[in-house]
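Encoded as structure tokens, the structure appears first; notes follow it.
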Amino acid sequence: MLRRNSHVIFRRALIADRQEDISHLHLFAARADASALRFYRRRKEYSSNFQGCATAMDGGGTIRVEAPLAAGEGDDRLVRLRSLEGSSATVTDRLAGLVAAVPGRLVFTTSFGIEDQLIAHFIFTGELPIEVATLDTGRLFPSTYKLWQETEERYGVRIRSWHPDASAVAAMVRDSGINGFYHSRDARLACCEVRKVAPLVRALAGAAGWVTGLRADQSGGRAGVSFAGWDAERGLVKLAPLFDWTRERVAAACAERDVPVNALHAQGFLSIGCEPCTRALKPGEPERAGRWWWEQDEAKECGLHVGPDGRLVRARAAA
Ligand code: SF4
């Protein structure tokens, strides 16, 4: 059944069908409609990987895309980055390695969490040519906005912000209410789609590389996160320079360098997202238990790092 926001359906219905010795990447979307097709055609503009590919929708509403497999696991860029996967490489080594290995626009998306603050510190102090951007959902904690300001003042920079489409937010609030995300998992994912995922698509438009603050020990769902990999959906190299760090190591590195961090961390908020969807941890709870706490699913994600099959996109190392 098609829903009003077919972009959401399209994204979740997308299936990457990799075959052995394939020369093409086939993407399909079932039960999509014309607006989803327009959405996908816009994505072609965002990703050089899909430029020049053929896009068509058959009478049954299935979108078929054939694109040259321009890059992927085994790609030279990933092979070069693999040498920085070992624990002896510093964060700066890893970020500089990305700059050297991946020509083109590189984007680091920060939510101002403690990992992101450490990565931003190394980018700003090292004057690395990596754009630092944030997704302002409009529902962040006041302390997060305060930290955003402090970070810009500390490093003398302006962090680029990406915002939800105002008409999409208005339609969602009209239909579901201002806090409709509490009513169902689908409503929550739809809100994350409008406020986070769609702005992320714009933030990464034309980017060749994407830096994130993911760590493998943040949750069971993130346990498979590794250093560098190919994000087939977005057509770029995805790097997690802190993939093998513990939270304690990140906190110690921030303290050592006097990196500004969110005051909420000291109040039991280890993972901080939107204010209505984040609570402080109770004793003994895992790091991300305070996110969407009313949902029972352990693998709770907002969609930023989730692939078309609904699973976490892991930054796999090159084969
Ligand atoms: S975390 Fe909550 S408020 Fe923020 S985008 Fe997702 S559902 Fe909406």
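Residues are referred to by chain and number: the chain letter is A, B, ... according to the order shown in the structure tokens, the number counts from 1 in that chain, and ligands are numbered separately from 1 in the order shown.
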Backbone DSSP call of alpha helix (DSSP H) for range 99-256 of chain A, listed as an MDAnalysis selection string: chainID A and resid 99:101 114:125 142:155 166:176 185:192 198:203 247:256
Contacts with ligand 1 at most 12 Å, only C-alpha atoms and all ligand atoms counted, listed as a PyMOL selection string: chain A and resi 111+135-141+163-164+169+172-173+176-200+271-279+290-295+300-304
Write the residues of the selection above to a file with C-alpha atoms, as a compact mmCIF listing (two decimals), in the first residue's frame.
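And here's selection31.txt as it stands now:
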```txt
# COMPACT_ATOMS: atom_id res chain seq x y z
CA SER A 111 25.39 15.71 15.77
CA LEU A 135 21.43 18.24 10.42
CA ASP A 136 19.32 20.66 12.42
CA THR A 137 16.10 18.74 12.97
CA GLY A 138 14.50 21.66 14.79
CA ARG A 139 13.97 19.41 17.83
CA LEU A 140 17.46 19.39 19.34
CA PHE A 141 18.22 20.09 23.00
CA HIS A 163 17.31 21.76 7.63
CA PRO A 164 14.14 19.79 6.92
CA VAL A 169 7.39 19.23 8.26
CA MET A 172 3.67 15.79 8.86
CA VAL A 173 2.62 17.90 11.84
CA SER A 176 0.35 13.25 12.75
CA GLY A 177 0.57 15.98 15.36
CA ILE A 178 3.58 17.79 16.73
CA ASN A 179 4.80 14.67 18.57
CA GLY A 180 3.28 12.02 16.31
CA PHE A 181 6.46 9.96 16.50
CA TYR A 182 5.35 8.54 19.85
CA HIS A 183 2.34 6.83 18.28
CA SER A 184 4.02 4.20 16.16
CA ARG A 185 7.39 3.09 14.87
CA ASP A 186 6.33 3.98 11.33
CA ALA A 187 5.44 7.51 12.44
CA ARG A 188 8.79 7.81 14.20
CA LEU A 189 10.69 6.64 11.16
CA ALA A 190 8.69 9.01 8.97
CA CYS A 191 9.68 11.91 11.23
CA CYS A 192 13.34 10.86 11.13
CA GLU A 193 13.04 10.63 7.35
CA VAL A 194 11.71 14.19 7.04
CA ARG A 195 13.90 15.80 9.69
CA LYS A 196 17.14 13.84 9.25
CA VAL A 197 17.42 11.52 6.28
CA ALA A 198 16.12 13.87 3.58
CA PRO A 199 18.42 16.72 4.76
CA LEU A 200 21.30 14.23 4.84
CA SER A 271 23.89 9.33 23.12
CA ILE A 272 22.10 12.58 22.35
CA GLY A 273 19.63 13.14 19.56
CA CYS A 274 16.40 15.09 19.41
CA GLU A 275 15.09 16.29 22.77
CA PRO A 276 11.70 14.49 22.69
CA CYS A 277 13.34 11.22 21.66
CA THR A 278 16.25 11.08 24.11
CA ARG A 279 16.32 10.37 27.83
CA GLY A 290 18.06 6.38 25.93
CA ARG A 291 17.21 6.86 22.25
CA TRP A 292 13.57 6.17 21.30
CA TRP A 293 13.31 4.40 24.65
CA TRP A 294 9.67 3.51 24.17
CA GLU A 295 10.55 1.19 21.26
CA LYS A 300 17.28 1.47 17.05
CA GLU A 301 18.51 3.79 14.34
CA CYS A 302 17.17 6.97 12.78
CA GLY A 303 17.83 5.90 9.19
CA LEU A 304 21.00 7.90 8.56
```
Contact residues around Glu115 in chain A with only C-alpha atoms at 10 Å, ignoring same-chain residues under 3 positions, as a ChimeraX atom specification: /A:110-112,118-121,212-215,241-242,245-247,249-251,253-254,261,271
Point-to-point distance in Å for CA of Lys146 in chain A and CA of Leu239 in chain A: 27.2 Å
Two-atom distance - CA of Pro260 in chain A, CA of Glu287 in chain A (Å): 20.0 Å
Residues within 12 Å of Ala96 in chain A, only C-alpha atoms, excluding chain neighbours under 5 positions, as an mmCIF file with N, CA and C atoms, in the first residue's frame:
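What landed in selection-v7.cif:
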```cif
data_model
loop_
_atom_site.group_PDB
_atom_site.id
_atom_site.type_symbol
_atom_site.label_atom_id
_atom_site.label_comp_id
_atom_site.auth_asym_id
_atom_site.auth_seq_id
_atom_site.Cartn_x
_atom_site.Cartn_y
_atom_site.Cartn_z
ATOM 1 N N ARG A 80 43.549 1.715 -0.506
ATOM 2 C CA ARG A 80 44.514 2.655 0.089
ATOM 3 C C ARG A 80 44.157 2.968 1.540
ATOM 4 N N LEU A 81 42.871 3.109 1.795
ATOM 5 C CA LEU A 81 42.458 3.443 3.153
ATOM 6 C C LEU A 81 42.697 2.297 4.125
ATOM 7 N N LEU A 84 45.225 2.198 6.877
ATOM 8 C CA LEU A 84 45.069 3.045 8.062
ATOM 9 C C LEU A 84 44.112 2.436 9.077
ATOM 10 N N ALA A 89 47.339 3.892 13.683
ATOM 11 C CA ALA A 89 46.989 5.113 12.943
ATOM 12 C C ALA A 89 46.207 6.066 13.845
ATOM 13 N N THR A 90 46.602 7.333 13.852
ATOM 14 C CA THR A 90 45.873 8.325 14.641
ATOM 15 C C THR A 90 44.618 8.751 13.874
ATOM 16 N N VAL A 91 43.767 9.486 14.574
ATOM 17 C CA VAL A 91 42.563 9.998 13.903
ATOM 18 C C VAL A 91 42.961 10.929 12.763
ATOM 19 N N ALA A 101 43.233 9.815 -0.387
ATOM 20 C CA ALA A 101 42.771 8.680 -1.195
ATOM 21 C C ALA A 101 41.510 8.986 -1.992
ATOM 22 N N VAL A 102 40.726 9.939 -1.513
ATOM 23 C CA VAL A 102 39.414 10.177 -2.140
ATOM 24 C C VAL A 102 39.324 11.619 -2.613
ATOM 25 N N PRO A 103 39.612 11.862 -3.878
ATOM 26 C CA PRO A 103 39.467 13.223 -4.406
ATOM 27 C C PRO A 103 37.987 13.612 -4.429
ATOM 28 N N LEU A 106 34.413 16.110 0.500
ATOM 29 C CA LEU A 106 34.332 15.215 1.653
ATOM 30 C C LEU A 106 33.501 15.914 2.724
ATOM 31 N N ILE A 119 36.252 14.333 16.463
ATOM 32 C CA ILE A 119 36.590 14.339 15.032
ATOM 33 C C ILE A 119 36.639 15.784 14.521
ATOM 34 N N PHE A 122 39.899 17.489 15.338
ATOM 35 C CA PHE A 122 41.035 17.155 14.484
ATOM 36 C C PHE A 122 40.886 17.774 13.086
ATOM 37 N N ILE A 123 39.667 17.851 12.586
ATOM 38 C CA ILE A 123 39.467 18.482 11.271
ATOM 39 C C ILE A 123 39.797 19.969 11.346
ATOM 40 N N GLY A 126 43.550 20.639 12.334
ATOM 41 C CA GLY A 126 44.428 20.201 11.249
ATOM 42 C C GLY A 126 44.146 20.905 9.939
ATOM 43 N N GLU A 127 43.100 21.759 9.950
ATOM 44 C CA GLU A 127 42.685 22.497 8.745
ATOM 45 C C GLU A 127 42.536 21.545 7.557
ATOM 46 N N LEU A 128 41.910 20.427 7.824
ATOM 47 C CA LEU A 128 41.705 19.431 6.767
ATOM 48 C C LEU A 128 40.554 19.858 5.858
ATOM 49 N N PRO A 129 40.673 19.610 4.575
ATOM 50 C CA PRO A 129 39.621 20.021 3.636
ATOM 51 C C PRO A 129 38.418 19.067 3.662
ATOM 52 N N ILE A 130 37.807 19.017 4.822
ATOM 53 C CA ILE A 130 36.599 18.196 5.005
ATOM 54 C C ILE A 130 35.506 19.126 5.523
ATOM 55 N N VAL A 211 32.301 11.194 6.366
ATOM 56 C CA VAL A 211 32.909 10.835 7.642
ATOM 57 C C VAL A 211 31.824 10.822 8.714
ATOM 58 N N LEU A 239 33.532 6.623 5.966
ATOM 59 C CA LEU A 239 34.659 6.422 6.875
ATOM 60 C C LEU A 239 34.208 6.626 8.316
ATOM 61 N N PRO A 241 36.340 6.996 11.471
ATOM 62 C CA PRO A 241 37.711 7.011 12.003
ATOM 63 C C PRO A 241 37.818 6.591 13.457
#
```
